Every structure is written in C-alpha cells, then in structure tokens.
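Below is the file entry01.txt, which contains compact mmCIF, C-alpha atoms.
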# COMPACT_ATOMS: atom_id res chain seq x y z
CA MET A 290 -8.38 -105.07 -68.00
CA GLN A 291 -10.00 -101.63 -68.10
CA SER A 292 -13.34 -103.15 -67.08
CA ILE A 293 -11.73 -104.92 -64.12
CA LYS A 294 -10.13 -101.64 -63.04
CA ARG A 295 -13.50 -99.88 -63.17
CA TYR A 296 -15.08 -102.54 -60.92
CA ILE A 297 -12.20 -102.17 -58.46
CA PHE A 298 -12.63 -98.39 -58.48
CA MET A 299 -16.36 -98.68 -57.82
CA ALA A 300 -15.87 -101.12 -54.96
CA ALA A 301 -13.19 -98.99 -53.33
CA TRP A 302 -15.27 -95.86 -53.87
CA CYS A 303 -18.29 -97.43 -52.13
CA VAL A 304 -16.15 -98.45 -49.16
CA THR A 305 -14.77 -94.92 -48.93
CA MET A 306 -18.26 -93.38 -49.09
CA MET A 307 -19.40 -95.58 -46.21
CA ALA A 308 -16.32 -94.83 -44.12
CA LEU A 309 -16.31 -91.04 -44.44
CA PRO A 310 -19.36 -90.35 -42.23
CA LEU A 311 -17.70 -92.36 -39.47
CA CYS A 312 -14.74 -89.97 -39.64
CA GLY A 313 -16.91 -86.97 -38.80
CA TRP A 314 -16.81 -85.21 -42.17
CA ALA A 315 -20.48 -85.71 -42.94
CA GLN A 316 -21.68 -85.13 -39.40
CA VAL A 317 -22.80 -81.66 -38.32
CA SER A 318 -23.72 -80.83 -34.75
CA ASP A 319 -26.78 -78.83 -33.71
CA ASP A 320 -25.02 -75.47 -33.99
CA GLY A 321 -23.76 -76.30 -37.50
CA ARG A 322 -20.14 -76.96 -36.44
CA ASP A 323 -17.98 -80.04 -36.13
CA SER A 324 -14.45 -80.52 -34.84
CA LEU A 325 -12.79 -78.60 -37.72
CA HIS A 326 -10.30 -75.85 -36.89
CA TYR A 327 -11.77 -73.05 -39.00
CA GLU A 328 -9.50 -70.26 -37.86
CA ASP A 329 -6.01 -71.52 -38.64
CA GLY A 330 -5.98 -75.08 -39.93
CA LEU A 331 -8.63 -75.27 -42.63
CA ARG A 332 -8.03 -74.57 -46.29
CA PHE A 333 -10.10 -75.03 -49.42
CA SER A 334 -8.95 -75.69 -52.96
CA LEU A 335 -10.54 -76.11 -56.34
CA LEU A 336 -9.40 -79.32 -58.04
CA THR A 337 -9.51 -79.45 -61.84
CA CYS A 338 -8.99 -82.77 -63.61
CA THR A 339 -7.87 -83.06 -67.20
CA PRO A 340 -10.09 -84.90 -69.72
CA GLY A 341 -10.18 -88.70 -69.67
CA THR A 342 -10.54 -91.19 -72.50
CA ASP A 343 -14.08 -92.32 -71.60
CA ALA A 344 -16.89 -90.34 -73.23
CA TYR A 345 -18.36 -89.19 -69.90
CA ALA A 346 -14.93 -87.94 -68.75
CA HIS A 347 -13.98 -86.30 -72.04
CA PHE A 348 -14.38 -82.74 -70.83
CA GLY A 349 -12.61 -82.98 -67.49
CA HIS A 350 -13.96 -82.59 -63.99
CA THR A 351 -14.10 -80.18 -61.05
CA ALA A 352 -14.23 -80.84 -57.30
CA ILE A 353 -13.63 -78.97 -54.03
CA LEU A 354 -10.94 -80.07 -51.60
CA ALA A 355 -11.22 -79.34 -47.87
CA VAL A 356 -8.13 -79.93 -45.71
CA ASP A 357 -7.96 -79.65 -41.91
CA GLU A 358 -4.20 -79.50 -41.36
CA ILE A 359 -4.46 -79.57 -37.56
CA ALA A 360 -6.78 -82.58 -37.33
CA GLU A 361 -5.02 -84.12 -40.38
CA LYS A 362 -8.28 -84.79 -42.18
CA ASN A 363 -9.33 -84.05 -45.74
CA ALA A 364 -12.21 -84.65 -48.10
CA VAL A 365 -12.87 -84.02 -51.77
CA PHE A 366 -16.45 -82.87 -52.33
CA ASN A 367 -17.55 -84.08 -55.74
CA TYR A 368 -20.79 -82.99 -57.43
CA GLY A 369 -20.26 -85.37 -60.35
CA CYS A 370 -21.25 -88.69 -58.75
CA PHE A 371 -23.89 -91.00 -60.19
CA ASP A 372 -24.91 -94.62 -59.84
CA ALA A 373 -25.01 -96.30 -63.25
CA SER A 374 -26.53 -99.43 -61.68
CA GLN A 375 -29.76 -97.61 -60.86
CA GLU A 376 -32.88 -99.03 -62.49
CA HIS A 377 -33.49 -97.50 -65.94
CA PHE A 378 -30.40 -95.31 -65.54
CA VAL A 379 -29.61 -95.08 -69.27
CA LEU A 380 -33.22 -94.33 -70.23
CA ASN A 381 -33.53 -91.73 -67.48
CA PHE A 382 -30.25 -90.15 -68.58
CA ILE A 383 -31.49 -89.88 -72.17
CA LYS A 384 -34.74 -88.34 -70.91
CA GLY A 385 -32.80 -85.77 -68.91
CA ASP A 386 -33.80 -87.17 -65.51
CA THR A 387 -30.14 -87.22 -64.52
CA ASN A 388 -29.98 -87.46 -60.76
CA TYR A 389 -26.41 -86.73 -59.72
CA GLN A 390 -25.09 -86.52 -56.17
CA LEU A 391 -22.63 -84.60 -54.06
CA ASP A 392 -20.38 -87.11 -52.34
CA ALA A 393 -17.10 -86.95 -50.47
CA GLU A 394 -13.97 -89.06 -50.65
CA THR A 395 -10.43 -88.79 -49.33
CA LEU A 396 -7.85 -86.91 -51.38
CA LYS A 397 -5.65 -90.02 -51.43
CA PHE A 398 -8.35 -92.11 -53.05
CA PHE A 399 -9.35 -89.29 -55.41
CA LEU A 400 -5.78 -88.93 -56.68
CA TRP A 401 -5.36 -92.70 -56.93
CA ARG A 402 -8.43 -92.98 -59.18
CA TYR A 403 -7.22 -90.28 -61.52
CA SER A 404 -3.63 -91.50 -61.55
CA GLU A 405 -4.84 -94.93 -62.66
CA THR A 406 -6.56 -93.36 -65.68
CA GLY A 407 -3.63 -91.05 -66.46
CA ASN A 408 -5.46 -87.80 -65.73
CA GLY A 409 -3.80 -84.68 -64.43
CA VAL A 410 -5.10 -82.84 -61.36
CA THR A 411 -4.41 -79.17 -60.59
CA GLU A 412 -5.06 -77.58 -57.21
CA GLN A 413 -5.95 -73.90 -56.82
CA VAL A 414 -5.85 -72.90 -53.15
CA LEU A 415 -8.65 -70.44 -52.40
CA ASN A 416 -7.83 -67.21 -50.62
CA LEU A 417 -10.70 -67.25 -48.10
CA THR A 418 -11.08 -65.68 -44.68
CA ALA A 419 -11.83 -67.77 -41.58
CA GLU A 420 -15.50 -66.76 -41.73
CA GLU A 421 -15.74 -67.67 -45.41
CA LYS A 422 -14.12 -71.05 -44.79
CA GLU A 423 -16.59 -71.76 -42.00
CA ARG A 424 -19.49 -70.74 -44.22
CA LEU A 425 -18.26 -72.89 -47.12
CA MET A 426 -17.79 -75.91 -44.87
CA LYS A 427 -21.29 -75.53 -43.45
CA LEU A 428 -22.74 -75.32 -46.96
CA LEU A 429 -20.86 -78.40 -48.16
CA LEU A 430 -21.73 -80.45 -45.09
CA GLU A 431 -25.37 -79.44 -45.43
CA ASN A 432 -25.37 -80.33 -49.14
CA VAL A 433 -23.77 -83.73 -48.55
CA ARG A 434 -26.54 -84.84 -46.18
CA PRO A 435 -28.50 -87.78 -47.69
CA GLU A 436 -31.66 -85.70 -47.97
CA ASN A 437 -29.85 -82.89 -49.83
CA GLN A 438 -27.08 -84.52 -51.85
CA THR A 439 -29.11 -85.46 -54.96
CA TYR A 440 -29.78 -82.83 -57.63
CA LEU A 441 -31.04 -82.74 -61.21
CA TYR A 442 -27.89 -82.55 -63.31
CA ASN A 443 -27.85 -80.37 -66.40
CA TRP A 444 -24.73 -80.78 -68.55
CA LEU A 445 -24.76 -77.15 -69.73
CA TYR A 446 -26.41 -74.97 -67.10
CA ASP A 447 -26.07 -76.88 -63.83
CA ASN A 448 -23.19 -79.37 -63.88
CA CYS A 449 -20.51 -80.31 -61.35
CA THR A 450 -18.27 -77.37 -62.27
CA GLU A 451 -21.05 -74.80 -62.04
CA ARG A 452 -22.19 -76.25 -58.71
CA ALA A 453 -18.66 -75.80 -57.33
CA ARG A 454 -18.56 -72.24 -58.66
CA ASP A 455 -21.94 -71.34 -57.18
CA ILE A 456 -21.22 -72.66 -53.69
CA ILE A 457 -17.87 -70.82 -53.57
CA GLU A 458 -19.60 -67.60 -54.62
CA GLN A 459 -22.27 -68.20 -51.99
CA ALA A 460 -19.66 -68.57 -49.26
CA VAL A 461 -17.56 -65.45 -49.92
CA ASP A 462 -18.20 -62.24 -47.99
CA GLY A 463 -18.85 -60.00 -50.96
CA LYS A 464 -18.77 -60.71 -54.69
CA VAL A 465 -16.51 -62.72 -56.98
CA VAL A 466 -15.45 -60.68 -60.02
CA TYR A 467 -14.08 -62.50 -63.07
CA GLU A 468 -11.47 -60.32 -64.73
CA ARG A 469 -10.23 -62.59 -67.50
CA ARG A 470 -10.79 -61.17 -70.96
CA GLU A 471 -14.11 -62.47 -72.20
CA ARG A 472 -14.03 -64.25 -75.53
CA THR A 473 -16.80 -64.59 -78.08
CA VAL A 474 -17.37 -68.29 -78.53
CA THR A 475 -20.30 -70.68 -78.88
CA VAL A 476 -20.88 -73.77 -76.76
CA ARG A 477 -20.43 -75.97 -79.84
CA GLU A 478 -17.04 -74.39 -80.53
CA MET A 479 -16.02 -75.07 -76.93
CA LEU A 480 -17.12 -78.69 -77.24
CA HIS A 481 -15.23 -79.06 -80.51
CA GLU A 482 -12.04 -77.80 -78.84
CA LYS A 483 -12.28 -80.75 -76.45
CA MET A 484 -13.00 -83.28 -79.20
CA GLU A 485 -10.24 -82.40 -81.64
CA ASN A 486 -8.94 -85.98 -81.61
CA SER A 487 -12.34 -87.64 -81.17
CA PRO A 488 -14.15 -87.09 -84.48
CA TRP A 489 -16.75 -89.82 -83.89
CA LEU A 490 -17.73 -88.41 -80.50
CA ARG A 491 -17.87 -84.98 -82.12
CA LEU A 492 -20.20 -86.33 -84.82
CA GLY A 493 -22.45 -87.93 -82.20
CA ILE A 494 -22.73 -84.71 -80.20
CA ASP A 495 -23.28 -82.64 -83.35
CA LEU A 496 -26.11 -84.98 -84.37
CA LEU A 497 -27.85 -84.67 -81.00
CA LEU A 498 -27.45 -80.97 -80.19
CA GLY A 499 -29.22 -78.21 -82.05
CA GLN A 500 -29.24 -74.52 -82.76
CA GLU A 501 -29.29 -73.41 -79.11
CA ILE A 502 -25.56 -74.02 -78.69
CA ASP A 503 -24.62 -72.06 -81.81
CA GLN A 504 -25.28 -68.68 -80.21
CA PRO A 505 -22.47 -66.70 -78.51
CA ALA A 506 -22.30 -68.08 -74.96
CA PRO A 507 -22.32 -65.69 -71.97
CA ARG A 508 -19.29 -65.80 -69.68
CA ARG A 509 -21.06 -67.78 -66.95
CA THR A 510 -22.35 -70.35 -69.43
CA GLN A 511 -18.80 -70.83 -70.73
CA MET A 512 -17.78 -71.91 -67.23
CA PHE A 513 -19.44 -75.31 -67.73
CA ILE A 514 -16.09 -76.53 -69.08
CA PRO A 515 -13.82 -77.34 -66.09
CA ASN A 516 -10.52 -75.99 -67.42
CA TYR A 517 -12.21 -72.81 -68.62
CA PHE A 518 -13.55 -72.16 -65.11
CA GLN A 519 -10.05 -72.97 -63.82
CA ALA A 520 -8.65 -70.19 -66.00
CA GLU A 521 -11.44 -67.82 -64.93
CA ILE A 522 -10.86 -68.09 -61.20
CA ASP A 523 -7.09 -67.87 -61.65
CA SER A 524 -7.50 -64.16 -62.38
CA ALA A 525 -10.72 -63.60 -60.40
CA TYR A 526 -10.85 -61.51 -57.25
CA ILE A 527 -13.22 -60.95 -54.34
CA VAL A 528 -14.66 -57.52 -53.67
CA GLY A 529 -15.61 -57.53 -49.99
CA THR A 530 -18.63 -55.83 -48.47
CA ASP A 531 -16.19 -53.29 -47.03
CA GLY A 532 -14.81 -52.50 -50.49
CA THR A 533 -11.53 -54.37 -50.07
CA ARG A 534 -10.21 -56.47 -52.96
CA ARG A 535 -8.20 -59.70 -52.89
CA GLN A 536 -7.35 -62.45 -55.36
CA LEU A 537 -9.57 -65.54 -55.18
CA VAL A 538 -6.71 -67.97 -55.79
CA LYS A 539 -3.74 -67.84 -53.43
CA GLU A 540 -1.52 -70.46 -55.07
CA THR A 541 -1.62 -73.19 -57.70
CA ASN A 542 -0.13 -76.68 -57.37
CA GLN A 543 0.13 -79.57 -59.80
CA LEU A 544 -0.97 -82.70 -57.90
CA LEU A 545 -0.93 -85.12 -60.83
CA GLU A 546 0.61 -84.87 -64.29
CA ASP A 547 -1.60 -85.51 -67.29
CA LYS A 548 -0.38 -88.65 -69.05
CA ASN A 549 -3.23 -89.13 -71.52
CA GLN A 550 -2.25 -88.82 -75.17
CA GLU A 551 -5.28 -89.37 -77.35
CA MET A 552 -4.54 -90.27 -80.96
CA ALA A 553 -7.00 -89.34 -83.69
CA SER A 554 -8.52 -92.27 -85.59
CA PRO A 555 -7.52 -92.41 -89.28
CA LEU A 556 -11.03 -93.60 -90.11
CA SER A 557 -12.79 -90.36 -89.28
CA PRO A 558 -16.47 -89.80 -90.17
CA LEU A 559 -15.36 -87.57 -93.03
CA VAL A 560 -13.26 -90.40 -94.52
CA VAL A 561 -15.93 -93.06 -93.99
CA PHE A 562 -18.79 -91.03 -95.45
CA SER A 563 -16.64 -89.80 -98.32
CA LEU A 564 -16.04 -93.45 -99.23
CA LEU A 565 -19.75 -94.16 -98.82
CA LEU A 566 -20.52 -91.22 -101.12
CA ALA A 567 -18.16 -92.65 -103.74
CA VAL A 568 -19.88 -96.04 -103.50
CA THR A 569 -23.28 -94.35 -103.74
CA VAL A 570 -22.28 -92.45 -106.86
CA CYS A 571 -21.03 -95.64 -108.54
CA ILE A 572 -24.20 -97.58 -107.69
CA SER A 573 -26.39 -94.66 -108.74
CA VAL A 574 -24.66 -94.33 -112.15
CA ILE A 575 -25.22 -98.05 -112.78
CA ASP A 576 -28.89 -97.82 -111.64
CA TRP A 577 -29.46 -94.76 -113.82
CA ARG A 578 -28.09 -96.49 -116.92
CA ARG A 579 -29.88 -99.78 -116.44
CA ARG A 580 -33.05 -98.03 -115.19
CA LYS A 581 -33.34 -100.36 -112.25
CA LEU A 582 -32.73 -99.73 -108.57
CA LEU A 583 -30.53 -101.68 -106.19
CA VAL A 584 -33.33 -101.59 -103.61
CA GLY A 585 -31.36 -103.46 -100.95
CA TYR A 586 -28.83 -100.62 -100.79
CA ASP A 587 -31.58 -98.04 -100.29
CA VAL A 588 -33.19 -100.16 -97.58
CA VAL A 589 -29.92 -100.29 -95.64
CA LEU A 590 -29.43 -96.51 -95.99
CA HIS A 591 -32.93 -95.67 -94.79
CA CYS A 592 -32.77 -98.16 -91.94
CA ALA A 593 -29.60 -96.45 -90.69
CA GLN A 594 -31.29 -93.08 -91.21
CA GLY A 595 -34.33 -94.23 -89.22
CA VAL A 596 -32.35 -95.72 -86.32
CA ALA A 597 -30.46 -92.45 -85.92
CA GLY A 598 -33.80 -90.69 -86.25
CA ILE A 599 -35.34 -92.61 -83.36
CA ILE A 600 -32.69 -91.23 -80.99
CA ILE A 601 -32.74 -87.68 -82.40
CA ALA A 602 -36.55 -87.50 -82.52
CA TYR A 603 -36.93 -88.92 -79.01
CA LEU A 604 -34.52 -86.36 -77.59
CA PHE A 605 -36.22 -83.61 -79.61
CA CYS A 606 -39.70 -84.47 -78.32
CA CYS A 607 -39.18 -85.97 -74.87
CA SER A 608 -35.83 -85.09 -73.32
CA LYS A 609 -35.21 -82.37 -70.71
CA HIS A 610 -31.61 -81.92 -71.85
CA PRO A 611 -30.81 -78.45 -73.20
CA ALA A 612 -30.26 -77.85 -76.93
CA VAL A 613 -31.83 -81.11 -78.13
CA ASP A 614 -35.21 -79.53 -78.90
CA SER A 615 -33.75 -76.97 -81.32
CA ASN A 616 -32.20 -79.56 -83.62
CA TRP A 617 -33.17 -79.06 -87.28
CA GLN A 618 -31.66 -82.45 -88.17
CA VAL A 619 -34.90 -84.05 -86.96
CA VAL A 620 -36.34 -83.11 -90.40
CA LEU A 621 -34.08 -85.68 -92.10
CA PHE A 622 -33.29 -88.06 -89.25
CA ASN A 623 -36.57 -89.34 -87.82
CA PRO A 624 -38.32 -92.71 -87.43
CA LEU A 625 -40.36 -92.23 -90.62
CA ALA A 626 -37.26 -93.31 -92.55
CA LEU A 627 -37.80 -96.83 -91.16
CA CYS A 628 -41.35 -96.80 -92.49
CA TYR A 629 -40.02 -95.76 -95.88
CA ALA A 630 -37.52 -98.66 -95.81
CA VAL A 631 -40.40 -101.08 -95.18
CA TRP A 632 -42.33 -99.44 -98.03
CA LEU A 633 -39.39 -100.03 -100.38
CA VAL A 634 -39.38 -103.73 -99.51
CA PHE A 635 -43.16 -103.90 -99.97
CA CYS A 636 -42.92 -102.28 -103.42
CA LYS A 637 -40.11 -104.64 -104.41
CA VAL A 638 -42.00 -107.76 -103.33
CA LYS A 639 -45.30 -106.65 -104.88
CA LYS A 640 -43.53 -105.30 -107.98
CA ARG A 641 -45.20 -101.95 -107.56
CA LYS A 642 -43.92 -98.49 -108.36
CA ASN A 643 -42.70 -96.46 -105.42
CA ARG A 644 -45.19 -93.59 -105.33
CA LEU A 645 -43.42 -92.07 -102.31
CA ALA A 646 -40.07 -91.59 -104.05
CA ALA A 647 -40.90 -87.95 -104.85
CA VAL A 648 -41.92 -87.34 -101.22
CA ASN A 649 -38.62 -88.76 -100.00
CA LEU A 650 -36.69 -86.53 -102.43
CA ALA A 651 -38.74 -83.51 -101.29
CA VAL A 652 -37.82 -84.16 -97.64
CA CYS A 653 -34.14 -84.40 -98.53
CA SER A 654 -34.40 -81.19 -100.57
CA VAL A 655 -36.08 -79.30 -97.72
CA PHE A 656 -33.35 -80.39 -95.34
CA VAL A 657 -30.60 -79.26 -97.72
CA VAL A 658 -32.26 -75.84 -97.95
CA LEU A 659 -32.47 -75.68 -94.15
CA MET A 660 -28.79 -76.53 -93.82
CA LEU A 661 -27.96 -73.50 -95.94
CA THR A 662 -30.34 -71.07 -94.20
CA VAL A 663 -30.77 -71.85 -90.48
CA LYS A 664 -28.29 -70.72 -87.83
CA GLN A 665 -27.27 -74.22 -86.81
CA VAL A 666 -23.78 -75.57 -87.40
CA PHE A 667 -23.82 -79.02 -88.97
CA ASN A 668 -21.05 -81.58 -88.85
CA PRO A 669 -19.28 -81.96 -92.23
CA ALA A 670 -20.29 -85.63 -92.26
CA VAL A 671 -23.97 -84.62 -92.15
CA TYR A 672 -23.55 -82.76 -95.44
CA LEU A 673 -22.23 -85.99 -96.96
CA MET A 674 -25.13 -87.98 -95.47
CA ALA A 675 -27.65 -85.55 -96.92
CA LEU A 676 -25.91 -85.67 -100.32
CA ILE A 677 -25.96 -89.48 -100.32
CA LEU A 678 -29.69 -89.58 -99.57
CA MET A 679 -30.35 -86.82 -102.13
CA ILE A 680 -28.53 -88.73 -104.88
CA ARG A 681 -30.49 -91.91 -104.17
CA GLY A 682 -33.69 -89.88 -104.08
CA VAL A 683 -33.02 -88.39 -107.52
CA VAL A 684 -32.21 -91.82 -108.98
CA SER A 685 -35.37 -93.32 -107.43
CA VAL A 686 -37.60 -90.63 -108.91
CA ARG A 687 -35.89 -91.11 -112.29
CA VAL A 688 -36.34 -94.91 -112.30
CA TYR A 689 -39.92 -94.95 -111.01
CA SER A 690 -41.01 -92.23 -113.45
CA LEU A 691 -40.11 -94.41 -116.45
How would this structure read if it were set down as structure tokens?
Amino acid sequence: MQSIKRYIFMAAWCVTMMALPLCGWAQVSDDGRDSLHYEDGLRFSLLTCTPGTDAYAHFGHTAILAVDEIAEKNAVFNYGCFDASQEHFVLNFIKGDTNYQLDAETLKFFLWRYSETGNGVTEQVLNLTAEEKERLMKLLLENVRPENQTYLYNWLYDNCTERARDIIEQAVDGKVVYERRERTVTVREMLHEKMENSPWLRLGIDLLLGQEIDQPAPRRTQMFIPNYFQAEIDSAYIVGTDGTRRQLVKETNQLLEDKNQEMASPLSPLVVFSLLLAVTVCISVIDWRRRKLLVGYDVVLHCAQGVAGIIIAYLFCCSKHPAVDSNWQVVLFNPLALCYAVWLVFCKVKKRKNRLAAVNLAVCSVFVVLMLTVKQVFNPAVYLMALILMIRGVVSVRVYSL
C-alpha cells in the first residue's frame, strides 16, 4: 500500500510541476517582475516539516512558501527535490554526485503529501519589507529556472535547509542575527537525537561517518537540521542598514499536526550483537578445548565484515560526501576481509595451516587500540563486533600454533 501511495505522489507531483509554469510562477519578465503584488499582497513563510518514517525523511524538511493574497496564488519552493529514476542514481548518490533541484508546487499539494505520511508542518511568517519580498521572489524565480535549479547537494554543509536560510539572508536589507543561546554539540550528537527510536539507522550512519562529525559544530553548521533552524529563526532578528532592528518571524502557525509515532525495535543492534557475542564465546570455548576451528563460522563472520568493508572503504576513498573520509573504522571493515574468508576456505580444503591468523589478530588489535585513542565516537555495537572478531582471532592463533 505504501508503495502504491508513493507512485501516486510522484505522478501527482510531476503533473503539478508541469502545471506551475503555466500559472506564471516560474515565468519572469524582462525587468525581473511578474504579476505579483509585492507591496501589499505578498508574504513569505518558512515551512518546517517533522521527520518521516522513511530513511531519507528521517530528519525533517524545510521549504519556503510564497503567497500572493491578492492574486490568490501560492507556491512552495522546495530545494529538496530529486529524481530517483535517473540513470545510476544510487551509485551517484553514494559517490556524492547528488544533483538536487529547486522546484515549486502548490501549498495544497504540499500539505496533502505530508498529511498522507502523517508529518506535521509548521509555518513561520517572515517579517520582510516590500523591497525584501520583491528581492526574495526574484531570487527564487531565478533559481527555479531550468538552467539554474540543479545544485550539488551536500547533506551537512549545503542541504535544503541551508539553501533556504542562505536565500532569505541574501534577500534581507541588512543582516540576520541569530540570538538563540548557542549550545555545544557535535553533528553526531544531533543525528543521534533524531534517531533515538531508530537504532539500526543510527548504526548504519555511525558505520559510515567518521571523526569529522565528532568535533563541536559551529552554529551555522548546526542549522543543517530543519527543526534546529526553525528554533534559530524564531528568535532571530534583522539589523537593517539604517541600524533598525526587527524580528525575523512575525507569527507562527501550525498547518499540520504530527501524527507519526515511531516505536523502537526490541531487536536493537546492541541486543543482536550481544547474542552473537554469546554464541561466539560458546563456539570459541568448544574450539579451544577440542583444538579445532569451526571454520564455516569464521568464513561467515569475515564475509559480513568484508561486505560492510566494501561500502565503508568505497566511501572513504571515492565519495565526495563529508565525514566519510575520516572514518577510522576502515581499518577493520574493508574488502580485505573477503580475501581472508577465501583464504580460510583454501586452507580448510588443502588442509594447510592458516599462516595469516596472526596478521588478522594484529589488525583487530590495532583497531581496538584506535577505538580507545582516536577522537571518533563509535557505535556500541561496533565494540561488540570488534570483540567478536578479536575472540575468533585469538582462538585461531591458538589452534594453528599447535
């Protein structure tokens, strides 16, 4: 049912995208103006959407609403649009070649989409002058042109929320000052706040992102999270070029109520890997006593280690995404683990001693030392993974040294 809904949303969204230019919203005349009533009928709002259940919507969303009350027209300008049907989209996304677009849709359709997924939407009406509204509309209409609407998305430093922030700041006559008390927090801590009930997603992100996001994040970097930027502009004010000061947000309205209630899975990574550790200890005790390895178990472990390593190593070496090239977990999780799994099978078939067992144990030991010394925060489940591999490494060295 959810898949059918998504197809319906995409079809309706495409129709809306094609219809909007015909309504005059994406058309700009030679002098940069259209039929909008800048002086008395136009208002702008920041729309903040609560997190959704899908992984890509887990951190919420930000958009800009433009309403012409005299002409009875409106459009939501959305910097978070992408076409998942593009050729090699997934591969390009992993590489960091994430081409997102600014598109526009009607408020009615925007609210319908989010109501169907149970998301809440909050409107913050911006306190802009007529000149600032005109400037903001010109910027948005210029950005939404086909030749300008695509940009290289960066989830941390240049995402849909930060694009909305930057264009609002560009339009104001003066400077936006953020007065909210600044807090000392890292990007990883901010991500964890949003994944409190999604431990598997949290594990996945912790495996992929490295030390870069474990430093205290500057205020502007913290604004990559939509609801954090929402809180920032709520207390922000504009200092005009003439020295006058006014609040950036004039009023706040709740357009949709958040109906999503995410329940934490009882089978969290900590539970699963704790059970796996218990199984590993039992197998290892038996192997130690009988002086013979259950090689099949080790092959499965190292295959899983290697598959995870392919993704982590590829991101570490090839991706343009931030924070993936400072990931110390690449020491343990890399494709060489697959080669070691093949070597174990070869030794078993040929009835040869595993001369690389000590090397494998050394790699595990180096990683454990790194976990205790580097300034990267590791997911608790990773400690269990490292301990499991370390135990099997010790048993392997013991058996093959006899």
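Minimum distance to Leu565 of chain A across A:Gln375, A:Asn437, A:Leu590, A:Asn668 (counting only C-alpha atoms) occurs at A:Leu590.
Each of A:Leu564, A:Cys653, A:Leu428, A:Met552 was checked against Glu458 of chain A using only C-alpha atoms; the smallest atom-to-atom distance is that of A:Leu428.
Excluding segment 679-690 of chain A itself and any same-chain residue fewer than 5 positions from it, the protein and nucleic acid residues within 9 Å of it, counting all atoms listed in the file, are Thr569, Val570, Ser573, Val574, Asp576, Trp577, Arg580, Lys581, Leu582, Asp587, Lys642, Asn643, Arg644, Leu645, Ala646, Ala647, Asn649, Leu650, Ala651, Cys653, Ser654, Val657 and Met674 of chain A.
Closest approach to Asn408 of chain A among A:Gly385, A:Gly349, A:Gly369, A:Gly499 is made by A:Gly349 (distances from only C-alpha atoms).
Atom CA of Gln500 of chain A is found 27.1 Å from atom CA of Thr342 of chain A.
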Skipping near chain neighbours, those fewer than 2 positions away, what residues fall within 10 Å of His347 of chain A using all atoms listed in the file, listed as a ChimeraX atom specification?
-> /A:339-345,349-350,480,483-484,487,490
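From atom CA of Ser557 of chain A back to atom CA of Gly595 of chain A, the distance works out to 21.9 Å.
Compared by their closest atoms to Ser608 of chain A, and using all atoms listed in the file, the residues A:Lys362, A:His377, A:Arg491, A:Lys384 rank with A:Lys384 nearest.
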For atom CA of Thr533 of chain A and atom CA of Glu421 of chain A, quote the distance in Å rounded to one decimal.
-> 14.7 Å
Between A:Ile494, A:Cys592, A:Ala346, A:Ile601, which is the closest to Gln618 of chain A once you count all atoms listed in the file?
-> A:Ile601
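Residue nearest Val568 of chain A within the list A:Asn381, A:Tyr586, A:Arg535, A:Lys422: A:Tyr586 [criterion: smallest interatomic distance, only C-alpha atoms].
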Near segment 391-398 of chain A, counting all atoms listed in the file, which residues have an atom at most 6 Å away, once you skip same-chain residues fewer than 3 positions from it, shown as an NGL selection string?
-> :A and (364-368 or 401 or 433 or 438)
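Every protein or nucleic acid residue with an atom no more than 8 Å from Glu521 of chain A, counting all atoms listed in the file and leaving out same-chain residues fewer than 4 positions away, appears here: Tyr467, Glu468, Arg469, Met512, Tyr517 and Ala525 of chain A.
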Neighbour list for Val584 of chain A as a list in words, cut-off 9 Å, all atoms listed in the file, skip fewer than 4 positions in-chain | Val588, Val589, Leu633, Val634 and Lys637 of chain A
Exercise on segment 439-452 of chain A, axis-aligned box with 8 Å per side, report centre and edge lengths in Å to one decimal, as lines of an AutoDock Vina configuration file:
center_x = -24.7
center_y = -80.1
center_z = -62.3
size_x = 28.8
size_y = 26.7
size_z = 30.8
Is it possible to dump segment 675-690 of chain A as an mmCIF file, in the first residue's frame, including just N, CA and C atoms?
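Once everything was written out, this is result34.cif:
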data_model
loop_
_atom_site.group_PDB
_atom_site.id
_atom_site.type_symbol
_atom_site.label_atom_id
_atom_site.label_comp_id
_atom_site.auth_asym_id
_atom_site.auth_seq_id
_atom_site.Cartn_x
_atom_site.Cartn_y
_atom_site.Cartn_z
ATOM 1 N N ALA A 675 33.993 -5.751 17.142
ATOM 2 C CA ALA A 675 35.444 -5.857 17.275
ATOM 3 C C ALA A 675 35.820 -6.953 18.274
ATOM 4 N N LEU A 676 35.060 -7.054 19.357
ATOM 5 C CA LEU A 676 35.328 -8.078 20.374
ATOM 6 C C LEU A 676 35.091 -9.470 19.811
ATOM 7 N N ILE A 677 34.041 -9.636 19.024
ATOM 8 C CA ILE A 677 33.749 -10.932 18.393
ATOM 9 C C ILE A 677 34.899 -11.357 17.491
ATOM 10 N N LEU A 678 35.355 -10.431 16.633
ATOM 11 C CA LEU A 678 36.450 -10.754 15.710
ATOM 12 C C LEU A 678 37.755 -10.994 16.467
ATOM 13 N N MET A 679 37.963 -10.248 17.551
ATOM 14 C CA MET A 679 39.168 -10.429 18.369
ATOM 15 C C MET A 679 39.180 -11.813 19.010
ATOM 16 N N ILE A 680 38.058 -12.242 19.553
ATOM 17 C CA ILE A 680 37.974 -13.560 20.190
ATOM 18 C C ILE A 680 38.280 -14.661 19.186
ATOM 19 N N ARG A 681 37.680 -14.561 17.995
ATOM 20 C CA ARG A 681 37.937 -15.583 16.974
ATOM 21 C C ARG A 681 39.386 -15.539 16.504
ATOM 22 N N GLY A 682 39.963 -14.338 16.496
ATOM 23 C CA GLY A 682 41.371 -14.222 16.113
ATOM 24 C C GLY A 682 42.286 -14.902 17.108
ATOM 25 N N VAL A 683 42.012 -14.713 18.396
ATOM 26 C CA VAL A 683 42.817 -15.345 19.445
ATOM 27 C C VAL A 683 42.716 -16.868 19.358
ATOM 28 N N VAL A 684 41.491 -17.363 19.176
ATOM 29 C CA VAL A 684 41.294 -18.817 19.076
ATOM 30 C C VAL A 684 42.000 -19.373 17.840
ATOM 31 N N SER A 685 41.954 -18.646 16.741
ATOM 32 C CA SER A 685 42.610 -19.116 15.504
ATOM 33 C C SER A 685 44.106 -19.217 15.698
ATOM 34 N N VAL A 686 44.703 -18.193 16.296
ATOM 35 C CA VAL A 686 46.156 -18.230 16.537
ATOM 36 C C VAL A 686 46.498 -19.392 17.457
ATOM 37 N N ARG A 687 45.674 -19.628 18.472
ATOM 38 C CA ARG A 687 45.903 -20.718 19.424
ATOM 39 C C ARG A 687 45.847 -22.068 18.706
ATOM 40 N N VAL A 688 44.827 -22.300 17.880
ATOM 41 C CA VAL A 688 44.657 -23.588 17.214
ATOM 42 C C VAL A 688 45.750 -23.819 16.199
ATOM 43 N N TYR A 689 46.062 -22.798 15.383
ATOM 44 C CA TYR A 689 47.050 -23.001 14.309
ATOM 45 C C TYR A 689 48.487 -23.017 14.826
ATOM 46 N N SER A 690 48.689 -22.627 16.089
ATOM 47 C CA SER A 690 50.059 -22.659 16.624
ATOM 48 C C SER A 690 50.386 -24.022 17.230
#
